[in-house]
file protein.cif (mmCIF, C-alpha atoms (C1' of nucleotides))
data_structure
#
loop_
_atom_site.group_PDB
_atom_site.id
_atom_site.type_symbol
_atom_site.label_atom_id
_atom_site.label_comp_id
_atom_site.auth_asym_id
_atom_site.auth_seq_id
_atom_site.Cartn_x
_atom_site.Cartn_y
_atom_site.Cartn_z
ATOM 1 C CA MET A 1 4.184 -28.826 -3.490
ATOM 2 C CA GLN A 2 5.807 -27.326 -0.471
ATOM 3 C CA ASP A 3 7.020 -23.842 -1.257
ATOM 4 C CA GLN A 4 5.494 -20.981 -3.120
ATOM 5 C CA LEU A 5 8.342 -20.610 -5.569
ATOM 6 C CA SER A 6 8.100 -24.226 -6.684
ATOM 7 C CA ASN A 7 4.386 -23.802 -7.184
ATOM 8 C CA THR A 8 4.952 -20.739 -9.285
ATOM 9 C CA PHE A 9 7.554 -22.307 -11.534
ATOM 10 C CA ALA A 10 5.512 -25.486 -11.882
ATOM 11 C CA ALA A 11 2.505 -23.448 -12.924
ATOM 12 C CA LEU A 12 4.589 -21.696 -15.569
ATOM 13 C CA ALA A 13 5.969 -24.965 -16.906
ATOM 14 C CA ASP A 14 3.038 -25.520 -19.234
ATOM 15 C CA PRO A 15 2.404 -23.635 -22.469
ATOM 16 C CA THR A 16 -1.366 -23.725 -22.022
ATOM 17 C CA ARG A 17 -1.122 -22.077 -18.637
ATOM 18 C CA ARG A 18 1.328 -19.475 -19.914
ATOM 19 C CA ALA A 19 -1.064 -18.700 -22.747
ATOM 20 C CA ILE A 20 -3.864 -18.319 -20.235
ATOM 21 C CA LEU A 21 -1.805 -15.848 -18.254
ATOM 22 C CA ALA A 22 -0.986 -13.961 -21.439
ATOM 23 C CA ARG A 23 -4.662 -13.715 -22.234
ATOM 24 C CA LEU A 24 -5.459 -12.539 -18.724
ATOM 25 C CA ALA A 25 -2.853 -9.828 -19.050
ATOM 26 C CA MET A 26 -5.201 -8.248 -21.535
ATOM 27 C CA GLY A 27 -8.009 -8.237 -19.032
ATOM 28 C CA GLU A 28 -10.305 -10.249 -16.831
ATOM 29 C CA THR A 29 -12.421 -12.797 -18.645
ATOM 30 C CA SER A 30 -14.547 -15.907 -18.286
ATOM 31 C CA VAL A 31 -13.479 -19.532 -18.314
ATOM 32 C CA THR A 32 -15.229 -20.315 -21.594
ATOM 33 C CA GLU A 33 -13.484 -17.478 -23.339
ATOM 34 C CA LEU A 34 -10.181 -18.573 -21.878
ATOM 35 C CA ALA A 35 -10.785 -22.105 -23.121
ATOM 36 C CA GLN A 36 -11.697 -21.042 -26.634
ATOM 37 C CA PRO A 37 -8.203 -21.006 -28.216
ATOM 38 C CA PHE A 38 -7.346 -24.478 -26.967
ATOM 39 C CA GLU A 39 -8.213 -27.833 -28.376
ATOM 40 C CA MET A 40 -9.133 -29.370 -25.094
ATOM 41 C CA SER A 41 -12.204 -29.869 -23.007
ATOM 42 C CA MET A 42 -13.476 -27.389 -20.504
ATOM 43 C CA PRO A 43 -12.604 -29.518 -17.488
ATOM 44 C CA ALA A 44 -9.019 -29.601 -18.707
ATOM 45 C CA VAL A 45 -8.928 -25.818 -18.780
ATOM 46 C CA SER A 46 -10.644 -25.764 -15.429
ATOM 47 C CA LYS A 47 -7.837 -27.871 -14.011
ATOM 48 C CA HIS A 48 -5.217 -25.568 -15.449
ATOM 49 C CA LEU A 49 -7.004 -22.665 -13.820
ATOM 50 C CA LYS A 50 -6.977 -24.480 -10.530
ATOM 51 C CA VAL A 51 -3.223 -24.944 -10.807
ATOM 52 C CA LEU A 52 -2.797 -21.252 -11.532
ATOM 53 C CA GLU A 53 -5.063 -20.388 -8.654
ATOM 54 C CA ARG A 54 -3.164 -22.598 -6.240
ATOM 55 C CA ALA A 55 -0.007 -20.833 -7.341
ATOM 56 C CA GLY A 56 -1.669 -17.515 -6.590
ATOM 57 C CA LEU A 57 -1.257 -16.366 -10.176
ATOM 58 C CA ILE A 58 -4.940 -15.812 -10.773
ATOM 59 C CA ALA A 59 -7.906 -14.867 -8.644
ATOM 60 C CA ARG A 60 -11.494 -15.604 -9.409
ATOM 61 C CA GLY A 61 -14.661 -13.675 -8.906
ATOM 62 C CA ARG A 62 -18.295 -14.536 -9.118
ATOM 63 C CA GLU A 63 -20.659 -12.898 -11.498
ATOM 64 C CA ALA A 64 -23.910 -14.762 -11.955
ATOM 65 C CA GLN A 65 -23.028 -18.091 -13.548
ATOM 66 C CA TRP A 66 -19.644 -16.807 -14.662
ATOM 67 C CA ARG A 67 -16.471 -17.215 -12.674
ATOM 68 C CA PRO A 68 -14.289 -14.432 -14.085
ATOM 69 C CA CYS A 69 -10.539 -14.875 -13.792
ATOM 70 C CA ARG A 70 -8.067 -12.083 -13.368
ATOM 71 C CA LEU A 71 -4.326 -12.055 -13.338
ATOM 72 C CA ASP A 72 -2.433 -11.720 -10.079
ATOM 73 C CA ALA A 73 1.212 -11.377 -10.978
ATOM 74 C CA GLY A 74 2.422 -11.106 -7.401
ATOM 75 C CA PRO A 75 4.164 -14.491 -7.298
ATOM 76 C CA LEU A 76 5.959 -13.670 -10.523
ATOM 77 C CA LYS A 77 7.882 -11.050 -8.638
ATOM 78 C CA ASP A 78 9.607 -13.662 -6.503
ATOM 79 C CA ALA A 79 10.218 -15.884 -9.497
ATOM 80 C CA ALA A 80 11.826 -13.020 -11.362
ATOM 81 C CA GLY A 81 13.829 -12.196 -8.289
ATOM 82 C CA TRP A 82 15.176 -15.702 -8.051
ATOM 83 C CA ILE A 83 16.149 -15.854 -11.692
ATOM 84 C CA ASP A 84 17.654 -12.400 -11.537
ATOM 85 C CA ALA A 85 20.336 -13.683 -9.202
ATOM 86 C CA TYR A 86 21.730 -15.531 -12.205
ATOM 87 C CA ARG A 87 21.625 -12.633 -14.600
ATOM 88 C CA ARG A 88 25.380 -12.193 -14.597
ATOM 89 C CA PHE A 89 25.777 -15.791 -15.732
ATOM 90 C CA TRP A 90 24.146 -15.172 -19.059
ATOM 91 C CA ALA A 91 26.115 -12.084 -19.923
ATOM 92 C CA PRO A 92 28.544 -13.889 -22.219
ATOM 93 C CA TYR A 93 31.653 -11.960 -21.415
ATOM 94 C CA VAL A 94 31.101 -12.111 -17.703
ATOM 95 C CA ASP A 95 30.248 -15.770 -18.024
ATOM 96 C CA ALA A 96 33.456 -16.619 -19.786
ATOM 97 C CA LEU A 97 35.418 -14.641 -17.242
ATOM 98 C CA GLU A 98 33.599 -16.415 -14.468
ATOM 99 C CA ARG A 99 34.502 -19.822 -15.811
ATOM 100 C CA HIS A 100 38.069 -18.761 -16.211
ATOM 101 C CA LEU A 101 38.320 -17.562 -12.632
ATOM 102 C CA ASP A 102 36.573 -20.673 -11.450
ATOM 103 C CA ARG A 103 39.045 -22.888 -13.186
ATOM 104 C CA MET A 104 41.847 -20.982 -11.515
ATOM 105 C CA SER A 105 40.462 -21.352 -8.010
ATOM 106 C CA HIS A 106 38.776 -24.780 -8.119
ATOM 107 C CA PRO A 107 41.101 -27.207 -9.870
ATOM 108 C CA LEU A 108 39.015 -30.327 -9.823
ATOM 109 C CA SER A 109 41.726 -32.206 -11.654
ATOM 110 C CA ALA A 110 44.107 -31.765 -8.796
ATOM 111 C CA LYS A 111 45.427 -34.502 -6.572
ATOM 112 C CA ARG A 112 43.194 -34.487 -3.593
ATOM 113 C CA LYS A 113 40.420 -36.904 -3.031
ATOM 114 C CA PRO A 114 38.177 -35.999 -0.170
ATOM 115 C CA SER A 115 39.361 -38.649 2.302
ATOM 116 C CA SER A 116 36.637 -41.080 3.256
ATOM 117 C CA THR A 117 35.513 -39.295 6.415
ATOM 118 C CA ARG A 118 32.341 -38.252 4.719
ATOM 119 C CA ARG A 119 29.217 -37.458 6.623
ATOM 120 C CA SER A 120 26.380 -38.207 4.288
ATOM 121 C CA ALA A 121 23.457 -37.829 6.627
ATOM 122 C CA ASN A 122 21.464 -41.044 6.516
ATOM 123 C CA ARG A 123 23.259 -43.079 3.963
ATOM 124 C CA ARG A 124 21.588 -46.426 3.862
ATOM 125 C CA ASN A 125 23.679 -49.450 4.348
ATOM 126 C CA HIS A 126 24.488 -50.175 0.780
ATOM 127 C CA LYS A 127 25.778 -53.594 0.249
ATOM 128 C CA GLY A 128 29.528 -53.178 0.258
ATOM 129 C CA GLU A 129 29.896 -49.981 2.196
ATOM 130 C CA THR A 130 33.142 -50.819 3.940
ATOM 131 C CA LYS A 131 34.472 -47.531 5.172
ATOM 132 C CA MET B 1 8.250 -31.678 -22.821
ATOM 133 C CA GLN B 2 7.856 -29.842 -26.068
ATOM 134 C CA ASP B 3 9.330 -26.382 -25.746
ATOM 135 C CA GLN B 4 12.455 -25.077 -24.172
ATOM 136 C CA LEU B 5 10.690 -22.616 -21.915
ATOM 137 C CA SER B 6 8.517 -25.299 -20.367
ATOM 138 C CA ASN B 7 11.585 -27.413 -19.758
ATOM 139 C CA THR B 8 13.307 -24.539 -18.055
ATOM 140 C CA PHE B 9 10.413 -23.699 -15.761
ATOM 141 C CA ALA B 10 9.835 -27.355 -14.958
ATOM 142 C CA ALA B 11 13.475 -27.741 -14.011
ATOM 143 C CA LEU B 12 13.202 -24.757 -11.700
ATOM 144 C CA ALA B 13 10.057 -26.090 -10.061
ATOM 145 C CA ASP B 14 11.962 -28.183 -7.552
ATOM 146 C CA PRO B 15 13.834 -26.849 -4.523
ATOM 147 C CA THR B 16 16.540 -29.485 -4.780
ATOM 148 C CA ARG B 17 17.331 -28.498 -8.331
ATOM 149 C CA ARG B 18 17.287 -24.803 -7.488
ATOM 150 C CA ALA B 19 19.712 -25.489 -4.656
ATOM 151 C CA ILE B 20 21.943 -27.369 -7.065
ATOM 152 C CA LEU B 21 21.969 -24.415 -9.404
ATOM 153 C CA ALA B 22 22.753 -22.103 -6.518
ATOM 154 C CA ARG B 23 25.685 -24.275 -5.593
ATOM 155 C CA LEU B 24 26.905 -24.363 -9.163
ATOM 156 C CA ALA B 25 26.780 -20.592 -9.297
ATOM 157 C CA MET B 26 29.707 -20.727 -6.900
ATOM 158 C CA GLY B 27 31.688 -22.888 -9.264
ATOM 159 C CA GLU B 28 31.948 -26.164 -11.095
ATOM 160 C CA THR B 29 31.925 -29.233 -8.887
ATOM 161 C CA SER B 30 31.397 -32.973 -8.764
ATOM 162 C CA VAL B 31 28.184 -34.927 -8.336
ATOM 163 C CA THR B 32 29.111 -36.259 -4.924
ATOM 164 C CA GLU B 33 29.794 -32.807 -3.615
ATOM 165 C CA LEU B 34 26.541 -31.564 -5.085
ATOM 166 C CA ALA B 35 24.697 -34.394 -3.380
ATOM 167 C CA GLN B 36 26.213 -33.741 0.002
ATOM 168 C CA PRO B 37 23.644 -31.268 1.405
ATOM 169 C CA PHE B 38 20.666 -33.444 0.523
ATOM 170 C CA GLU B 39 19.149 -36.340 2.348
ATOM 171 C CA MET B 40 18.629 -38.459 -0.691
ATOM 172 C CA SER B 41 20.488 -41.141 -2.536
ATOM 173 C CA MET B 42 23.049 -40.460 -5.221
ATOM 174 C CA PRO B 43 20.880 -41.788 -8.031
ATOM 175 C CA ALA B 44 18.194 -39.322 -7.014
ATOM 176 C CA VAL B 45 20.638 -36.453 -7.353
ATOM 177 C CA SER B 46 21.862 -37.919 -10.608
ATOM 178 C CA LYS B 47 18.316 -37.799 -11.921
ATOM 179 C CA HIS B 48 17.931 -34.192 -10.886
ATOM 180 C CA LEU B 49 21.120 -33.427 -12.755
ATOM 181 C CA LYS B 50 19.755 -35.126 -15.817
ATOM 182 C CA VAL B 51 16.665 -32.943 -15.663
ATOM 183 C CA LEU B 52 18.826 -29.855 -15.402
ATOM 184 C CA GLU B 53 20.961 -31.047 -18.258
ATOM 185 C CA ARG B 54 17.958 -31.701 -20.467
ATOM 186 C CA ALA B 55 16.843 -28.165 -19.733
ATOM 187 C CA GLY B 56 20.241 -26.912 -20.795
ATOM 188 C CA LEU B 57 20.857 -25.376 -17.390
ATOM 189 C CA ILE B 58 23.989 -27.353 -16.686
ATOM 190 C CA ALA B 59 26.738 -28.876 -18.773
ATOM 191 C CA ARG B 60 28.940 -31.744 -17.778
ATOM 192 C CA GLY B 61 32.556 -32.510 -18.331
ATOM 193 C CA ARG B 62 34.634 -35.575 -17.890
ATOM 194 C CA GLU B 63 37.573 -35.628 -15.578
ATOM 195 C CA ALA B 64 38.752 -39.069 -14.622
ATOM 196 C CA GLN B 65 35.930 -40.754 -12.748
ATOM 197 C CA TRP B 66 34.296 -37.425 -11.964
ATOM 198 C CA ARG B 67 31.679 -35.792 -14.122
ATOM 199 C CA PRO B 68 31.989 -32.157 -13.120
ATOM 200 C CA CYS B 69 28.885 -30.017 -13.548
ATOM 201 C CA ARG B 70 28.916 -26.374 -14.421
ATOM 202 C CA LEU B 71 26.128 -23.869 -14.619
ATOM 203 C CA ASP B 72 24.811 -22.752 -17.972
ATOM 204 C CA ALA B 73 22.377 -19.968 -17.299
ATOM 205 C CA GLY B 74 21.514 -19.366 -20.932
ATOM 206 C CA PRO B 75 17.951 -20.722 -20.723
ATOM 207 C CA LEU B 76 17.306 -18.531 -17.694
ATOM 208 C CA LYS B 77 17.548 -15.545 -19.956
ATOM 209 C CA ASP B 78 14.425 -16.545 -21.854
ATOM 210 C CA ALA B 79 12.633 -17.432 -18.650
ATOM 211 C CA ALA B 80 13.438 -14.040 -17.208
ATOM 212 C CA GLY B 81 12.363 -12.431 -20.446
ATOM 213 C CA TRP B 82 9.003 -14.158 -20.332
ATOM 214 C CA ILE B 83 8.340 -13.185 -16.739
ATOM 215 C CA ASP B 84 9.506 -9.663 -17.353
ATOM 216 C CA ALA B 85 6.580 -9.086 -19.674
ATOM 217 C CA TYR B 86 4.431 -9.161 -16.525
ATOM 218 C CA ARG B 87 6.584 -6.852 -14.492
ATOM 219 C CA ARG B 88 4.187 -3.944 -14.705
ATOM 220 C CA PHE B 89 1.468 -6.133 -13.217
ATOM 221 C CA TRP B 90 3.287 -6.423 -9.954
ATOM 222 C CA ALA B 91 4.435 -2.848 -9.909
ATOM 223 C CA PRO B 92 1.132 -0.997 -9.729
ATOM 224 C CA TYR B 93 2.781 2.124 -8.489
ATOM 225 C CA VAL B 94 5.136 2.254 -11.431
ATOM 226 C CA ASP B 95 2.227 1.597 -13.694
ATOM 227 C CA ALA B 96 0.234 4.429 -12.202
ATOM 228 C CA LEU B 97 3.252 6.675 -12.388
ATOM 229 C CA GLU B 98 3.680 5.800 -16.024
ATOM 230 C CA ARG B 99 0.125 6.791 -16.753
ATOM 231 C CA HIS B 100 0.597 9.975 -14.838
ATOM 232 C CA LEU B 101 3.731 10.911 -16.738
ATOM 233 C CA ASP B 102 2.058 9.952 -19.958
ATOM 234 C CA ARG B 103 -0.790 12.305 -19.197
ATOM 235 C CA MET B 104 1.642 15.072 -18.337
ATOM 236 C CA SER B 105 3.569 14.767 -21.573
ATOM 237 C CA HIS B 106 0.505 14.509 -23.772
ATOM 238 C CA PRO B 107 -1.851 17.014 -22.210
ATOM 239 C CA LEU B 108 -3.946 17.451 -25.312
ATOM 240 C CA SER B 109 -4.880 13.831 -25.757
ATOM 241 C CA ALA B 110 -7.048 13.879 -22.709
ATOM 242 C CA LYS B 111 -9.915 11.884 -24.068
ATOM 243 C CA ARG B 112 -8.696 8.399 -25.001
ATOM 244 C CA LYS B 113 -5.196 7.519 -24.055
ATOM 245 C CA PRO B 114 -4.004 4.171 -25.342
ATOM 246 C CA SER B 115 -2.593 2.787 -22.084
ATOM 247 C CA SER B 116 -2.834 -0.450 -23.948
ATOM 248 C CA THR B 117 -3.613 -3.152 -21.422
ATOM 249 C CA ARG B 118 -4.831 -1.853 -18.145
ATOM 250 C CA ARG B 119 -6.252 -4.510 -15.963
ATOM 251 C CA SER B 120 -9.804 -3.276 -16.016
ATOM 252 C CA ALA B 121 -9.525 -2.025 -19.558
ATOM 253 C CA ASN B 122 -11.733 -4.523 -21.316
ATOM 254 C CA ARG B 123 -14.717 -5.450 -19.308
ATOM 255 C CA ARG B 124 -16.420 -8.687 -19.953
ATOM 256 C CA ASN B 125 -18.612 -8.956 -22.983
ATOM 257 C CA HIS B 126 -20.599 -12.052 -22.314
ATOM 258 C CA LYS B 127 -23.093 -12.823 -24.939
ATOM 259 C CA GLY B 128 -26.109 -12.845 -22.699
ATOM 260 C CA GLU B 129 -25.207 -9.600 -21.017
ATOM 261 C CA THR B 130 -28.485 -7.787 -21.356
ATOM 262 C CA LYS B 131 -28.074 -5.452 -18.467
ATOM 263 C "C1'" DT C 1 45.781 -56.806 -12.138
ATOM 264 C "C1'" DC C 2 42.959 -56.063 -8.424
ATOM 265 C "C1'" DT C 3 40.326 -52.986 -5.739
ATOM 266 C "C1'" DA C 4 38.173 -48.846 -4.488
ATOM 267 C "C1'" DC C 5 35.639 -44.987 -5.953
ATOM 268 C "C1'" DA C 6 32.366 -41.821 -8.743
ATOM 269 C "C1'" DT C 7 28.678 -42.110 -11.388
ATOM 270 C "C1'" DT C 8 25.085 -43.946 -14.120
ATOM 271 C "C1'" DA C 9 21.634 -47.513 -15.401
ATOM 272 C "C1'" DA C 10 17.802 -50.703 -14.406
ATOM 273 C "C1'" DA C 11 13.878 -51.938 -12.314
ATOM 274 C "C1'" DC C 12 10.472 -50.791 -9.396
ATOM 275 C "C1'" DC C 13 6.958 -47.915 -6.732
ATOM 276 C "C1'" DA C 14 3.569 -44.321 -5.200
ATOM 277 C "C1'" DA C 15 2.038 -39.850 -6.319
ATOM 278 C "C1'" DT C 16 1.075 -36.354 -9.476
ATOM 279 C "C1'" DC C 17 -0.100 -34.555 -14.153
ATOM 280 C "C1'" DG C 18 -2.744 -33.646 -18.124
ATOM 281 C "C1'" DG C 19 -6.228 -35.199 -20.323
ATOM 282 C "C1'" DT C 20 -10.894 -37.556 -21.085
ATOM 283 C "C1'" DT C 21 -16.274 -38.386 -20.435
ATOM 284 C "C1'" DA C 22 -20.152 -38.161 -17.563
ATOM 285 C "C1'" DT C 23 -22.376 -35.952 -13.852
ATOM 286 C "C1'" DT C 24 -23.517 -32.170 -10.722
ATOM 287 C "C1'" DT C 25 -24.018 -27.557 -9.098
ATOM 288 C "C1'" DA C 26 -25.541 -22.977 -9.674
ATOM 289 C "C1'" DA C 27 -27.434 -19.180 -11.814
ATOM 290 C "C1'" DC C 28 -30.193 -16.977 -15.372
ATOM 291 C "C1'" DC C 29 -34.593 -16.533 -18.128
ATOM 292 C "C1'" DG C 30 -39.090 -17.298 -20.330
ATOM 293 C "C1'" DC D 1 -41.470 -24.380 -12.886
ATOM 294 C "C1'" DG D 2 -38.478 -26.187 -16.701
ATOM 295 C "C1'" DG D 3 -34.796 -25.344 -19.837
ATOM 296 C "C1'" DT D 4 -30.360 -23.457 -20.868
ATOM 297 C "C1'" DT D 5 -25.887 -22.017 -19.830
ATOM 298 C "C1'" DA D 6 -21.261 -21.710 -17.115
ATOM 299 C "C1'" DA D 7 -18.369 -24.040 -14.536
ATOM 300 C "C1'" DA D 8 -16.799 -27.491 -11.285
ATOM 301 C "C1'" DT D 9 -16.526 -32.419 -9.675
ATOM 302 C "C1'" DA D 10 -15.986 -37.315 -10.021
ATOM 303 C "C1'" DA D 11 -14.073 -41.118 -11.793
ATOM 304 C "C1'" DC D 12 -10.971 -42.877 -14.708
ATOM 305 C "C1'" DC D 13 -6.676 -43.362 -17.720
ATOM 306 C "C1'" DG D 14 -1.779 -43.364 -19.409
ATOM 307 C "C1'" DA D 15 2.515 -40.881 -18.883
ATOM 308 C "C1'" DT D 16 5.680 -38.579 -16.037
ATOM 309 C "C1'" DT D 17 7.959 -37.444 -11.588
ATOM 310 C "C1'" DG D 18 10.727 -38.171 -7.625
ATOM 311 C "C1'" DG D 19 12.281 -41.324 -5.007
ATOM 312 C "C1'" DT D 20 14.148 -46.081 -3.766
ATOM 313 C "C1'" DT D 21 17.469 -50.374 -4.003
ATOM 314 C "C1'" DT D 22 20.435 -53.119 -6.647
ATOM 315 C "C1'" DA D 23 23.667 -53.640 -10.301
ATOM 316 C "C1'" DA D 24 26.852 -52.108 -13.871
ATOM 317 C "C1'" DT D 25 30.392 -49.043 -15.882
ATOM 318 C "C1'" DG D 26 34.622 -46.620 -16.154
ATOM 319 C "C1'" DT D 27 38.703 -44.733 -14.234
ATOM 320 C "C1'" DA D 28 42.653 -44.230 -10.722
ATOM 321 C "C1'" DG D 29 46.019 -46.065 -8.224
ATOM 322 C "C1'" DA D 30 48.566 -49.501 -5.148
#
call {"tool": "encode", "arguments": {"input": "protein.cif", "output": "structure tokens"}}
result
Amino acid sequence: MQDQLSNTFAALADPTRRAILARLAMGETSVTELAQPFEMSMPAVSKHLKVLERAGLIARGREAQWRPCRLDAGPLKDAAGWIDAYRRFWAPYVDALERHLDRMSHPLSAKRKPSSTRRSANRRNHKGETK
Amino acid sequence: MQDQLSNTFAALADPTRRAILARLAMGETSVTELAQPFEMSMPAVSKHLKVLERAGLIARGREAQWRPCRLDAGPLKDAAGWIDAYRRFWAPYVDALERHLDRMSHPLSAKRKPSSTRRSANRRNHKGETK
DNA sequence: TCTACATTAAACCAATCGGTTATTTAACCG
DNA sequence: CGGTTAAATAACCGATTGGTTTAATGTAGA
């Protein structure tokens, strides 16, 4: 899925996988034990683990017939960093102020319409595109 | 997709949508302007906006024929909160420092300090572990 | 009122997702 | 060796995703 950040967020976008990470935060464990709380088959859990592994959120060892999983929170750092850039937007006062200032400086309701010299990289020839 | 948190992470798991949010952080704007940097059709962008809207990350107004979008970072707060629970797992130094300071301030409890969830704290307990 | 414009809706498509069952691989143990 | 256990793979399935093209909707303005 292209970039690391997208992989990370996609991996987090599933409650089962988040629960798996939460369990792994308490310590390394086996796949069967990870699967225990869920009402799904082992292969399903195995697939979730593969998603987490591809995202770099877990690493796996080898111990006899067990494949222990351990948390690797490294990618979460970047995810947190990305989200953190928006922190000021959920501080309510700052948010309201922000909207106010935005309304002052970007009056969308104003007269101008952006004059049809628009670039639009590879706009396909839609039927009536008479510019 | 069930829960709010999953919706939020899923919405963030796409570079186009993250770019849209980044643009909206600079102020409310129209769909056409949002679509401008991307090499995809307008309906594609419209769909991305719908995903963001379903996740509660944007809100939309009505202003003549324009449907201005504005950022609503509220859901990001929960996302950040979730990830933050793992912060100590990507800050090993801080973690080690914490343990050190803990030991310094409780010098008499040398035997079993709680240090609740160290990575290697609970070793596997497989049932057939007859080592 | 007619036309242009901004946006969404509809219908379609290939790829991916999240799950299943059945099979296979790999290691242990008696 | 044969049997059991842990886990992964294969093959399949329906739903969703991310994109397309075409068509419809709603508003502004000459």
call {"tool": "resolve_selection", "arguments": {"input": "protein.cif", "expression": "the PyMOL selection byres ((chain A) within 9 of (chain C))", "output": "MDAnalysis selection string"}}
result
chainID A and resid 40:41 43:44 47:48 64:66
call {"tool": "residues_near_point", "arguments": {"input": "protein.cif", "point": "(-19.9, -20.2, -15.2)", "cutoff": "8 Å", "atoms": "only C-alpha atoms (C1' of nucleotides)", "output": "VMD selection string"}}
result
(chain A and resid 30 to 32 64 to 67) or (chain D and resid 5 to 7)
call {"tool": "interface_residues", "arguments": {"input": "protein.cif", "of": "chain D", "to": "chain B", "cutoff": "8 Å", "atoms": "all atoms listed in the file", "output": "VMD selection string"}}
result
chain D and resid 18 to 19 26 to 28
call {"tool": "atom_distance", "arguments": {"input": "protein.cif", "atom1": "atom CA of Leu21 of chain A", "atom2": "atom C1' of DT16 of chain D"}}
result
24.0 Å
call {"tool": "atom_distance", "arguments": {"input": "protein.cif", "atom1": "atom CA of Glu39 of chain A", "atom2": "atom CA of Cys69 of chain A"}}
result
19.6 Å
call {"tool": "axis_aligned_box", "arguments": {"input": "protein.cif", "around": "segment 16-27 of chain D", "padding_each_side": "3 Å", "output": "lines of an AutoDock Vina configuration file"}}
result
center_x = 22.2
center_y = -45.5
center_z = -10.0
size_x = 39.0
size_y = 22.2
size_z = 18.4
call {"tool": "closest_residue", "arguments": {"input": "protein.cif", "among": "B:Ala85, B:Ala55, B:Ile20, B:Ala73", "to": "chain A", "atoms": "all atoms listed in the file"}}
result
B:Ala73
call {"tool": "interface_residues", "arguments": {"input": "protein.cif", "of": "chain A", "to": "chain B", "cutoff": "7 Å", "atoms": "all atoms listed in the file", "output": "PyMOL selection string"}}
result
chain A and resi 6-7+9-10+12-15+26-29+73-74+76-77+80+83+86+89-90+102+109+120-122
call {"tool": "atom_distance", "arguments": {"input": "protein.cif", "atom1": "atom C1' of DA23 of chain D", "atom2": "atom CA of Ile58 of chain B"}}
result
27.1 Å
call {"tool": "closest_residue", "arguments": {"input": "protein.cif", "among": "A:Ser46, A:Gly61, A:Gly56, A:Val51", "to": "DT9 of chain D", "atoms": "only C-alpha atoms (C1' of nucleotides)"}}
result
A:Ser46
